[in-house]
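Undergrad: My structure is stored as coords.cif, with mmCIF, C-alpha atoms.
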data_data
#
loop_
_atom_site.label_atom_id
_atom_site.label_comp_id
_atom_site.auth_asym_id
_atom_site.auth_seq_id
_atom_site.Cartn_x
_atom_site.Cartn_y
_atom_site.Cartn_z
CA MET N 9 0.00 0.00 0.00
CA GLU N 10 1.20 3.53 -0.78
CA GLU N 11 2.07 5.86 2.10
CA GLY N 12 -0.97 7.83 3.18
CA SER N 13 -3.47 5.27 1.86
CA ARG N 14 -6.88 5.48 3.50
CA ASN N 15 -9.84 3.18 4.14
CA VAL N 16 -7.59 0.11 4.38
CA ARG N 17 -9.48 -2.78 6.00
CA LEU N 18 -7.97 -4.68 8.89
CA GLY N 19 -6.09 -7.77 7.79
CA THR N 20 -5.12 -6.29 4.40
CA LEU N 21 -1.53 -6.92 3.27
CA ILE N 22 0.22 -3.55 3.36
CA ALA N 23 3.94 -4.38 2.97
CA LEU N 24 6.46 -7.14 2.22
CA MET N 25 9.86 -7.54 3.87
CA VAL N 26 12.42 -9.35 1.68
CA GLU N 27 16.10 -10.13 1.86
CA GLU N 28 18.75 -7.76 0.51
CA GLY N 29 18.74 -7.89 -3.29
CA GLN N 30 15.58 -10.00 -3.54
CA ASP N 31 12.83 -8.91 -5.96
CA TRP N 32 9.66 -8.39 -3.90
CA LYS N 33 7.52 -8.93 -7.01
CA GLN N 34 8.64 -12.58 -7.17
CA VAL N 35 7.78 -13.36 -3.55
CA GLU N 36 5.06 -15.99 -3.18
CA ILE N 37 2.38 -14.67 -0.83
CA PRO N 38 0.59 -17.43 1.08
CA PRO N 39 -3.22 -17.30 0.95
CA PRO N 40 -5.05 -16.17 4.10
CA ASP N 41 -6.40 -19.70 4.73
CA ALA N 42 -2.86 -20.99 5.10
CA ALA N 43 -2.12 -18.67 8.00
CA SER N 44 -2.30 -20.06 11.48
CA PRO N 45 -4.72 -18.58 14.04
CA SER N 46 -1.82 -16.94 15.83
CA ALA N 47 -0.77 -15.17 12.63
CA THR N 48 -4.17 -13.50 12.31
CA ASP N 49 -4.36 -12.17 15.85
CA THR N 50 -3.75 -8.59 14.71
CA GLY N 51 -6.30 -8.77 11.88
CA SER N 52 -10.06 -8.86 11.88
CA ALA N 53 -11.68 -11.97 13.26
CA SER N 54 -13.92 -12.03 10.20
CA THR N 55 -10.95 -13.22 8.04
CA MET N 56 -10.87 -16.57 9.86
CA THR N 57 -12.61 -19.48 8.11
CA PRO N 58 -13.80 -22.84 9.51
CA ALA N 59 -10.98 -25.35 9.29
CA SER N 60 -13.04 -28.52 9.61
CA PRO N 61 -14.68 -29.72 6.35
CA SER N 62 -17.41 -31.68 8.14
CA PRO N 63 -19.40 -29.99 10.87
CA SER N 64 -19.55 -31.70 14.22
CA PRO N 65 -22.48 -31.52 16.60
CA LEU N 66 -22.51 -28.40 18.72
CA PRO N 67 -22.20 -28.72 22.48
CA LYS N 68 -25.21 -28.09 24.65
CA PRO N 69 -25.54 -24.48 25.74
CA VAL N 70 -24.68 -23.44 29.24
CA THR N 71 -27.94 -22.41 30.89
CA SER N 72 -26.96 -21.17 34.31
CA GLY N 73 -24.53 -18.68 35.82
CA LEU N 74 -23.00 -15.49 34.46
CA LEU N 75 -20.88 -15.71 31.31
CA ARG N 76 -17.34 -14.41 31.61
CA LEU N 77 -15.86 -13.54 28.20
CA SER N 78 -12.44 -12.24 27.25
CA PRO N 79 -12.46 -9.17 24.93
CA ALA N 80 -11.23 -11.24 21.97
CA ALA N 81 -13.87 -13.92 22.55
CA ARG N 82 -16.60 -11.31 22.82
CA HIS N 83 -15.48 -9.81 19.50
CA ILE N 84 -15.54 -13.21 17.75
CA PHE N 85 -19.00 -14.07 19.05
CA GLY N 86 -20.36 -10.67 18.06
CA THR N 87 -18.81 -10.80 14.57
CA HIS N 88 -20.04 -14.29 13.67
CA GLY N 89 -23.34 -14.21 15.55
CA ILE N 90 -22.63 -17.29 17.69
CA ASP N 91 -24.25 -17.88 21.05
CA PRO N 92 -21.45 -17.73 23.66
CA LYS N 93 -23.38 -20.18 25.86
CA LEU N 94 -22.36 -22.92 23.40
CA ALA N 95 -18.68 -22.47 24.24
CA THR N 96 -16.83 -24.59 26.80
CA PRO N 97 -14.85 -22.29 29.13
CA THR N 98 -11.27 -23.31 29.82
CA GLY N 99 -9.97 -20.10 31.38
CA PRO N 100 -9.55 -19.34 35.07
CA ARG N 101 -12.80 -19.14 37.05
CA GLY N 102 -14.89 -20.17 34.07
CA LEU N 103 -13.56 -17.51 31.64
CA ILE N 104 -14.32 -18.14 27.96
CA THR N 105 -11.07 -17.37 26.19
CA LYS N 106 -10.26 -16.56 22.59
CA GLU N 107 -9.21 -20.18 21.99
CA ASP N 108 -12.58 -21.38 23.26
CA ALA N 109 -14.32 -19.06 20.82
CA LEU N 110 -12.11 -20.21 17.92
CA ASN N 111 -12.73 -23.87 18.75
CA LEU N 112 -16.48 -23.25 18.73
CA LEU N 113 -16.16 -21.35 15.45
CA LYS N 114 -14.39 -24.33 13.84
CA LYS N 115 -17.20 -26.66 14.90
CA SER N 116 -19.93 -24.34 13.67
CA PRO N 117 -21.32 -25.47 10.24
CA ALA N 118 -21.88 -21.83 9.19
CA SER N 119 -21.76 -18.49 10.92
CA GLU N 120 -25.41 -17.92 9.99
CA ALA N 121 -26.64 -21.30 11.24
CA ALA N 122 -26.32 -20.50 14.92
CA PRO N 123 -28.58 -17.43 14.89
CA ALA N 124 -31.15 -19.29 12.77
CA ALA N 125 -31.15 -22.24 15.14
CA MET N 126 -31.46 -19.90 18.11
CA THR N 127 -34.52 -18.18 16.63
CA THR N 128 -36.35 -21.40 15.63
CA ALA N 129 -35.57 -23.62 18.59
CA ALA N 130 -38.27 -24.04 21.22
CA PRO N 131 -37.51 -22.20 24.43
CA VAL N 132 -36.21 -24.37 27.21
CA PRO N 133 -37.17 -23.37 30.72
CA THR N 134 -34.04 -22.50 32.65
CA PRO N 135 -33.42 -21.28 36.13
CA ALA N 136 -33.46 -17.51 36.49
CA ASP N 137 -30.02 -16.03 35.91
CA PRO N 138 -28.73 -13.80 38.67
CA THR N 139 -29.16 -10.14 37.76
CA PRO N 140 -25.80 -8.47 37.17
CA PRO N 141 -25.07 -5.24 39.03
CA PRO N 142 -26.00 -2.04 37.14
CA SER N 143 -22.34 -1.07 36.66
CA SER N 144 -21.30 -4.41 35.15
CA ARG N 145 -20.26 -4.62 31.53
CA PRO N 146 -22.73 -6.32 29.15
CA ASN N 147 -21.70 -9.80 28.06
CA ILE N 148 -22.22 -9.14 24.35
CA PRO N 149 -22.08 -5.64 22.88
CA PRO N 150 -24.69 -4.65 20.27
CA VAL N 151 -23.72 -5.91 16.83
CA SER N 152 -23.02 -2.99 14.48
CA VAL N 153 -23.92 -2.99 10.80
CA PRO N 154 -20.80 -3.19 8.56
CA GLY N 155 -20.35 -0.11 6.41
CA LYS N 156 -22.81 1.98 8.41
CA PRO N 157 -21.24 4.04 11.18
CA GLY N 158 -23.26 4.61 14.29
CA ALA N 159 -25.22 7.86 14.44
CA PRO N 160 -23.58 9.24 17.65
CA GLY N 161 -20.07 8.86 16.20
CA THR N 162 -20.57 10.27 12.72
CA PHE N 163 -18.47 13.22 11.59
CA THR N 164 -17.41 15.06 8.45
CA GLU N 165 -13.71 15.31 7.70
CA ILE N 166 -12.70 18.77 6.47
CA PRO N 167 -9.15 19.14 5.09
CA ALA N 168 -7.19 21.86 6.91
CA THR N 169 -6.18 24.87 4.85
CA THR N 170 -2.60 26.08 4.74
CA ILE N 171 -3.44 29.05 7.00
CA ARG N 172 -5.23 26.79 9.49
CA ARG N 173 -2.23 24.42 9.64
CA VAL N 174 0.15 27.35 10.24
CA ILE N 175 -2.13 28.69 13.00
CA ALA N 176 -2.30 25.28 14.64
CA GLN N 177 1.47 24.88 14.47
CA ARG N 178 2.18 28.31 15.98
CA LEU N 179 -0.42 27.97 18.75
CA THR N 180 0.92 24.55 19.71
CA GLU N 181 4.47 25.90 19.68
CA SER N 182 3.40 28.84 21.85
CA LYS N 183 1.56 26.87 24.53
CA THR N 184 4.18 24.10 24.74
CA THR N 185 7.38 26.19 24.67
CA ILE N 186 6.44 29.54 26.26
CA PRO N 187 5.76 29.76 30.04
CA HIS N 188 2.59 31.87 29.99
CA ALA N 189 1.84 34.19 32.93
CA TYR N 190 -1.39 36.18 33.26
CA ALA N 191 -2.36 39.45 34.98
CA SER N 192 -5.61 41.47 34.72
CA ILE N 193 -6.58 45.05 35.52
CA ASP N 194 -9.71 47.23 35.18
CA CYS N 195 -9.49 50.51 33.27
CA ASP N 196 -11.99 53.37 33.58
CA MET N 197 -13.05 54.22 30.02
CA ALA N 198 -15.16 57.30 30.88
CA ALA N 199 -12.57 59.77 29.54
CA VAL N 200 -12.12 57.80 26.31
CA MET N 201 -15.87 57.58 25.76
CA LYS N 202 -16.28 61.33 26.26
CA LEU N 203 -13.37 62.15 23.93
CA ARG N 204 -14.84 59.89 21.24
CA LYS N 205 -18.13 61.80 21.39
CA ASP N 206 -16.31 65.12 21.15
CA LEU N 207 -14.33 63.93 18.13
CA ALA N 208 -17.48 62.57 16.48
CA LYS N 209 -18.96 66.10 16.56
CA ASP N 210 -16.05 67.15 14.33
CA GLN N 211 -16.67 64.16 12.01
CA ILE N 212 -13.63 62.30 13.38
CA LYS N 213 -14.59 58.68 13.93
CA VAL N 214 -12.23 56.55 15.97
CA SER N 215 -12.87 53.31 17.89
CA VAL N 216 -12.07 52.34 21.46
CA ASN N 217 -9.57 49.84 20.06
CA ASP N 218 -7.64 52.71 18.40
CA PHE N 219 -7.12 54.30 21.84
CA ILE N 220 -6.05 50.90 23.23
CA ILE N 221 -3.44 50.52 20.46
CA LYS N 222 -2.12 54.01 21.15
CA ALA N 223 -1.99 53.41 24.92
CA ALA N 224 -0.11 50.11 24.46
CA ALA N 225 2.41 51.71 22.09
CA VAL N 226 3.07 54.69 24.39
CA THR N 227 3.47 52.33 27.36
CA LEU N 228 5.98 50.23 25.44
CA ARG N 229 7.94 53.38 24.65
CA ASP N 230 7.96 54.29 28.35
CA MET N 231 8.95 50.73 29.34
CA PRO N 232 11.31 49.38 26.64
CA GLU N 233 12.15 46.35 28.78
CA VAL N 234 8.76 44.91 27.76
CA ASN N 235 9.35 45.58 24.05
CA VAL N 236 11.47 42.44 23.56
CA THR N 237 11.34 39.10 21.79
CA TRP N 238 12.85 35.72 22.67
CA SER N 239 15.30 33.84 20.47
CA GLY N 240 17.37 30.74 21.02
CA ASP N 241 20.18 32.63 22.77
CA GLY N 242 18.02 34.92 24.94
CA PRO N 243 16.06 38.21 24.88
CA HIS N 244 16.32 40.64 21.97
CA PRO N 245 15.37 44.29 22.74
CA LEU N 246 13.56 45.95 19.82
CA ASP N 247 14.18 49.44 18.51
CA SER N 248 10.75 49.87 16.90
CA ILE N 249 7.23 49.53 18.30
CA HIS N 250 4.98 47.60 15.91
CA ILE N 251 1.56 46.61 17.31
CA SER N 252 -0.05 43.45 15.91
CA VAL N 253 -3.88 43.57 15.95
CA ALA N 254 -5.84 40.31 15.76
CA VAL N 255 -8.44 40.25 12.95
CA ALA N 256 -10.89 37.39 12.44
CA THR N 257 -11.33 36.21 8.84
CA ASP N 258 -13.05 33.29 7.13
CA ARG N 259 -9.64 31.59 6.79
CA GLY N 260 -8.66 32.07 10.44
CA LEU N 261 -7.13 34.65 12.76
CA ILE N 262 -4.43 36.93 11.35
CA THR N 263 -2.55 39.84 12.95
CA PRO N 264 -1.83 42.82 10.65
CA ILE N 265 0.70 45.29 12.06
CA ILE N 266 0.37 48.99 12.92
CA ARG N 267 3.97 50.09 12.42
CA ASP N 268 5.55 52.80 14.59
CA ALA N 269 2.27 53.08 16.49
CA ALA N 270 3.82 55.20 19.26
CA ASN N 271 4.60 57.97 16.74
CA LYS N 272 1.11 57.95 15.17
CA GLY N 273 -1.95 59.85 16.34
CA VAL N 274 -5.17 58.05 17.18
CA GLN N 275 -6.83 59.20 13.96
CA GLU N 276 -3.92 57.91 11.85
CA ILE N 277 -3.94 54.61 13.77
CA SER N 278 -7.68 54.32 13.08
CA ALA N 279 -7.26 54.85 9.33
CA THR N 280 -4.37 52.39 9.11
CA ALA N 281 -6.22 49.74 11.14
CA LYS N 282 -9.31 49.95 8.91
CA VAL N 283 -7.29 49.52 5.72
CA LEU N 284 -5.32 46.57 7.11
CA ALA N 285 -8.43 44.87 8.52
CA GLN N 286 -10.18 45.04 5.14
CA LYS N 287 -7.12 43.70 3.33
CA ALA N 288 -6.94 40.86 5.87
CA ARG N 289 -10.58 39.87 5.23
CA ASP N 290 -9.98 40.03 1.47
CA GLY N 291 -6.82 37.92 1.76
CA LYS N 292 -4.64 40.64 0.24
CA LEU N 293 -2.18 41.31 3.07
CA LEU N 294 1.47 41.39 2.07
CA PRO N 295 3.93 39.39 4.22
CA GLU N 296 5.51 42.57 5.61
CA GLU N 297 2.04 43.70 6.75
CA TYR N 298 1.55 40.80 9.16
CA GLN N 299 5.07 39.64 10.02
CA GLY N 300 7.47 41.19 12.53
CA GLY N 301 5.24 42.74 15.20
CA SER N 302 6.56 43.33 18.72
CA PHE N 303 3.32 43.32 20.77
CA SER N 304 -0.16 41.91 20.06
CA ILE N 305 -3.69 43.05 20.98
CA SER N 306 -6.78 40.84 20.77
CA ASN N 307 -10.11 42.58 21.41
CA LEU N 308 -13.30 40.55 21.89
CA GLY N 309 -15.24 43.36 23.56
CA MET N 310 -17.49 43.81 20.52
CA PHE N 311 -18.71 40.23 21.05
CA GLY N 312 -19.71 40.90 24.65
CA ILE N 313 -16.79 38.97 26.18
CA SER N 314 -16.07 40.40 29.63
CA GLY N 315 -12.52 39.04 29.88
CA PHE N 316 -10.28 36.28 28.54
CA SER N 317 -6.66 35.13 28.25
CA ALA N 318 -4.99 35.12 24.84
CA VAL N 319 -2.16 32.93 23.53
CA ILE N 320 1.18 34.67 22.94
CA ASN N 321 2.20 35.11 19.31
CA PRO N 322 5.84 33.89 19.20
CA PRO N 323 8.50 35.25 19.22
CA GLN N 324 6.72 38.19 20.90
CA ALA N 325 6.76 38.48 24.68
CA CYS N 326 3.20 39.70 25.36
CA ILE N 327 -0.36 39.83 24.10
CA LEU N 328 -3.12 42.01 25.58
CA ALA N 329 -6.63 40.52 25.72
CA VAL N 330 -9.36 43.18 25.84
CA GLY N 331 -12.92 42.62 27.06
CA THR N 332 -16.07 44.71 26.82
CA SER N 333 -16.75 47.77 28.97
CA ARG N 334 -19.40 47.73 31.71
CA THR N 335 -21.03 50.36 33.92
CA GLU N 336 -20.48 50.05 37.68
CA LEU N 337 -21.13 52.17 40.75
CA GLN N 338 -18.01 52.96 42.74
CA LEU N 339 -17.72 54.58 46.18
CA ASN N 340 -15.56 57.70 46.33
CA GLU N 341 -13.67 57.33 49.60
CA ASP N 342 -12.88 61.05 49.85
CA ASP N 343 -16.43 62.33 50.16
CA GLN N 344 -18.30 58.99 50.49
CA THR N 345 -20.32 59.60 47.34
CA LEU N 346 -21.23 57.17 44.57
CA ARG N 347 -20.06 57.74 41.03
CA MET N 348 -20.50 55.85 37.76
CA GLN N 349 -17.52 54.15 36.16
CA GLN N 350 -17.19 52.61 32.71
CA LEU N 351 -14.81 49.73 33.47
CA MET N 352 -13.01 47.51 30.97
CA THR N 353 -10.96 44.45 31.93
CA VAL N 354 -7.69 43.77 30.10
CA THR N 355 -5.53 40.69 30.65
CA LEU N 356 -1.84 40.59 29.79
CA SER N 357 -0.38 37.22 28.77
CA SER N 358 3.40 37.48 29.14
CA ASP N 359 6.39 35.26 28.54
CA GLY N 360 7.73 34.46 32.01
CA ARG N 361 11.27 34.22 30.63
CA LEU N 362 11.17 37.89 29.58
CA VAL N 363 8.45 39.65 31.58
CA ASP N 364 8.10 38.58 35.20
CA ASP N 365 5.04 39.26 37.37
CA GLU N 366 6.41 42.50 38.82
CA LEU N 367 7.25 43.94 35.40
CA ALA N 368 3.86 42.87 34.02
CA SER N 369 2.10 44.60 36.93
CA ARG N 370 3.98 47.86 36.35
CA PHE N 371 3.21 47.68 32.63
CA LEU N 372 -0.52 47.27 33.26
CA ASP N 373 -0.56 50.10 35.79
CA LYS N 374 1.18 52.41 33.31
CA PHE N 375 -1.12 51.27 30.50
CA ARG N 376 -4.20 52.06 32.62
CA ALA N 377 -2.87 55.54 33.46
CA ASN N 378 -2.28 56.31 29.77
CA LEU N 379 -5.70 55.01 28.74
CA GLU N 380 -7.57 56.89 31.47
CA GLN N 381 -5.88 60.17 30.43
CA PRO N 382 -6.19 60.10 26.62
CA GLN N 383 -5.42 63.82 26.13
CA ARG N 384 -2.02 63.51 27.80
CA MET N 385 -1.35 60.28 25.89
CA ALA N 386 -2.11 62.03 22.60
CA LEU N 387 0.26 64.86 23.47
CA ALA N 388 2.98 62.34 24.34
#
Could you spell out this file's structure in structure tokens?
TA:
Amino acid sequence: MEEGSRNVRLGTLIALMVEEGQDWKQVEIPPPDAASPSATDTGSASTMTPASPSPSPLPKPVTSGLLRLSPAARHIFGTHGIDPKLATPTGPRGLITKEDALNLLKKSPASEAAPAAMTTAAPVPTPADPTPPPSSRPNIPPVSVPGKPGAPGTFTEIPATTIRRVIAQRLTESKTTIPHAYASIDCDMAAVMKLRKDLAKDQIKVSVNDFIIKAAAVTLRDMPEVNVTWSGDGPHPLDSIHISVAVATDRGLITPIIRDAANKGVQEISATAKVLAQKARDGKLLPEEYQGGSFSISNLGMFGISGFSAVINPPQACILAVGTSRTELQLNEDDQTLRMQQLMTVTLSSDGRLVDDELASRFLDKFRANLEQPQRMALA
């Protein structure tokens, strides 16, 4: 059989091993009937044929006591439709072994004769069998129909696309080779919401995510020790700040890059993000537009997700997971008054080899301060 062959039935010859220099095409392959029972142990029991030319009378069925069957014997009985009570147990404590099942199969005139005889024979009154406990395994599993898979186990096989295979490879590499650490913080979005409304009056439309990108970039500029990547020989500090933004497409998740985000205004970040997101959905991103980022942001707030933890995009050191904003009442400890807050939870997934818990905490605190004071962040 060729490598990668599919739908190969059990017991099918798949390879020949020959001596050095011998032509495998001239090897005489013995027929299946010539194989001994031990040689067919790894194949399907249905390949075995009765060895005796003349059928012998079947033994009387066992009519009392619980049947104890080995897995191989149970498979043979279920495949050939033979009553296991006709077998003579030779195993320990009355266990019907595989050899007992094979011996009974040899004596059976035909695999179909036993079920027919069982259905036409007059019932013989027998003593009541003891009821097995509810957790015990049934003696004979239900016989399945060949070629028809069971309804609960059906599935449709969909070949993975090239993008999906790359995503699977990178996610597996990330979770198995990078020690992920997580930290969350709540940010008050009231100032950002108000500034968005003010900008909308001047026909300037920007999203909350644009402010988040700007805040992350400014924070990375203030804390360059977080703007690093990991290679085989250790950490590599980066000179530029390129923010990767996760975009969902029909082909999978892709992260186009906002380059030099710290030096761009929020309006310019918004325009660049819209263009890149549309190109990502159309499958027209160039390699340089999604490769080489230094920090990633994944925002599921528009789907109503309150908070989550994202998987780091190697070789980057961090990814920021952003949830939706919510309105909460908070007590002002200075004058004991209640005030409304528009809180948003962000979770930083960091590479423990590069960003420890203390550094991650300081980064989130600085990020929150920048996001809660958008005017100062824009001036910076």
Undergrad: Using the chain letters and numbering of this document, enumerate as a list in words the residues selected by the PyMOL selection byres ((chain N and resi 313) around 12).
TA: Ser306, Asn307, Leu308, Gly309, Met310, Phe311, Gly312, Ser314, Gly315, Phe316, Ser317, Ala329, Val330, Gly331, Thr332, Ser333, Arg334, Met352, Thr353 and Val354 of chain N
Undergrad: Any idea what's packed within 12 Å of Pro295 (chain N), counting all atoms listed in the file, ignoring anything in its chain fewer than 5 positions away? Could you give it as a list in words?
TA: Ile262, Thr263, Pro264, Ile265, Lys287, Ala288, Gly300 and Gly301 of chain N
Undergrad: Please, what distance in Å, to one decimal, runs between CA of Leu367 (chain N) and CA of Leu379 (chain N)?
TA: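 CA of Leu367 (chain N) sits 18.3 Å away from CA of Leu379 (chain N).
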Undergrad: Could you work out how far CA of Ala109 (chain N) lies from CA of Ala80 (chain N), giving the answer in Å with one decimal?
TA: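 These two atoms are separated by 8.5 Å.
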Undergrad: Please compute the CA of Ile22 (chain N)-CA of Glu10 (chain N) distance, one decimal, in Å.
TA: 8.3 Å
Undergrad: Do you know which residues are at most 6 Å from region 335-337 of chain N counting only C-alpha atoms, after dropping those on the same chain fewer than 5 positions away, and could you put them as a PyMOL selection string?
TA: chain N and resi 347-350
Undergrad: Expand the PyMOL selection byres ((chain N and resi 222-227) around 7) into the explicit residue set it covers here, and present it as an NGL selection string.
TA: :N and (218-221 or 228-231 or 249 or 269-270 or 274 or 374-375 or 378-379 or 385)
Undergrad: Determine the axis-aligned bounding box of all atoms of region 355-368 of chain N present in the file, pad each side by 6 Å, and express its centre and edge lengths in Å to one decimal place as JSON.
TA:
{"center_x": 2.9, "center_y": 39.1, "center_z": 33.7, "size_x": 28.8, "size_y": 21.7, "size_z": 22.3}
Undergrad: From the options N:Ser13, N:Val253, N:Asp206, N:Pro167, which residue's atoms come nearest to Gln299 (chain N), counting only C-alpha atoms?
TA: N:Val253
Undergrad: Applying 10 Å and all atoms listed in the file, which residues near Gln286 (chain N) remain after dropping the ones on its own chain fewer than 6 positions away? List them as a PDB file with C-alpha atoms, in the coordinates of the input.
TA:
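Ended up saving to part-v4.pdb:
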ATOM      1  CA  VAL N 255      -8.440  40.250  12.950  1.00  0.00           C
ATOM      2  CA  THR N 257     -11.330  36.210   8.840  1.00  0.00           C
ATOM      3  CA  LYS N 292      -4.640  40.640   0.240  1.00  0.00           C
ATOM      4  CA  LEU N 293      -2.180  41.310   3.070  1.00  0.00           C
TER       5      LEU N 293
END
Undergrad: Neighbours of Asp365 (chain N) within 9 Å (only C-alpha atoms; same-chain residues fewer than 3 positions away dropped), as a list in words?
TA: Ala189, Tyr190, Ala191, Ser358, Gly360, Ala368, Ser369 and Arg370 of chain N
Undergrad: Given the PyMOL selection byres ((chain N and resi 248) around 9) and the file above, list the residues it selects as a PDB file with C-alpha atoms, keeping the file's coordinate frame.
TA:
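Output file out-v1.pdb follows:
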ATOM      1  CA  ARG N 229       7.940  53.380  24.650  1.00  0.00           C
ATOM      2  CA  ASN N 235       9.350  45.580  24.050  1.00  0.00           C
ATOM      3  CA  LEU N 246      13.560  45.950  19.820  1.00  0.00           C
ATOM      4  CA  ASP N 247      14.180  49.440  18.510  1.00  0.00           C
ATOM      5  CA  ILE N 249       7.230  49.530  18.300  1.00  0.00           C
ATOM      6  CA  HIS N 250       4.980  47.600  15.910  1.00  0.00           C
ATOM      7  CA  ARG N 267       3.970  50.090  12.420  1.00  0.00           C
ATOM      8  CA  ASP N 268       5.550  52.800  14.590  1.00  0.00           C
ATOM      9  CA  SER N 302       6.560  43.330  18.720  1.00  0.00           C
TER      10      SER N 302
END
Undergrad: Show me as a list in words the residues that reach within 12 Å of (16.6, 35.9, 22.9), counting all atoms listed in the file and using the file's own coordinates.
TA: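 Neighbouring residues, ordered by chain and number, come to Val236, Thr237, Trp238, Ser239, Gly240, Asp241, Gly242, Pro243, His244, Pro245, Leu246, Pro322, Pro323, Gln324, Ala325, Asp359, Arg361 and Leu362 of chain N.
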Undergrad: Write out as a short mmCIF file (atom, residue, chain, number, x, y, z; two decimals) with C-alpha atoms, in the frame of the given file which residues come within 12 Å of Ile175 (chain N) when counting all atoms listed in the file, dropping same-chain ones fewer than 6 positions away.
TA:
data_model
loop_
_atom_site.label_atom_id
_atom_site.label_comp_id
_atom_site.auth_asym_id
_atom_site.auth_seq_id
_atom_site.Cartn_x
_atom_site.Cartn_y
_atom_site.Cartn_z
CA ALA N 168 -7.19 21.86 6.91
CA THR N 169 -6.18 24.87 4.85
CA GLU N 181 4.47 25.90 19.68
CA SER N 182 3.40 28.84 21.85
CA ARG N 259 -9.64 31.59 6.79
CA GLY N 260 -8.66 32.07 10.44
CA LEU N 261 -7.13 34.65 12.76
CA ILE N 262 -4.43 36.93 11.35
CA THR N 263 -2.55 39.84 12.95
CA VAL N 319 -2.16 32.93 23.53
CA ASN N 321 2.20 35.11 19.31
CA PRO N 322 5.84 33.89 19.20
#
Undergrad: Nearest residue to Arg376 (chain N) out of N:Ser192, N:Gln177, N:Gln275, N:Thr345, using only C-alpha atoms?
TA: N:Ser192
Undergrad: Find, counting all atoms listed in the file, the residue in N:Val214, N:Leu179, N:Ala208, N:Ile90 that gets nearest to Ile320 (chain N).
TA: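 Under the stated criterion, the closest residue is N:Leu179.
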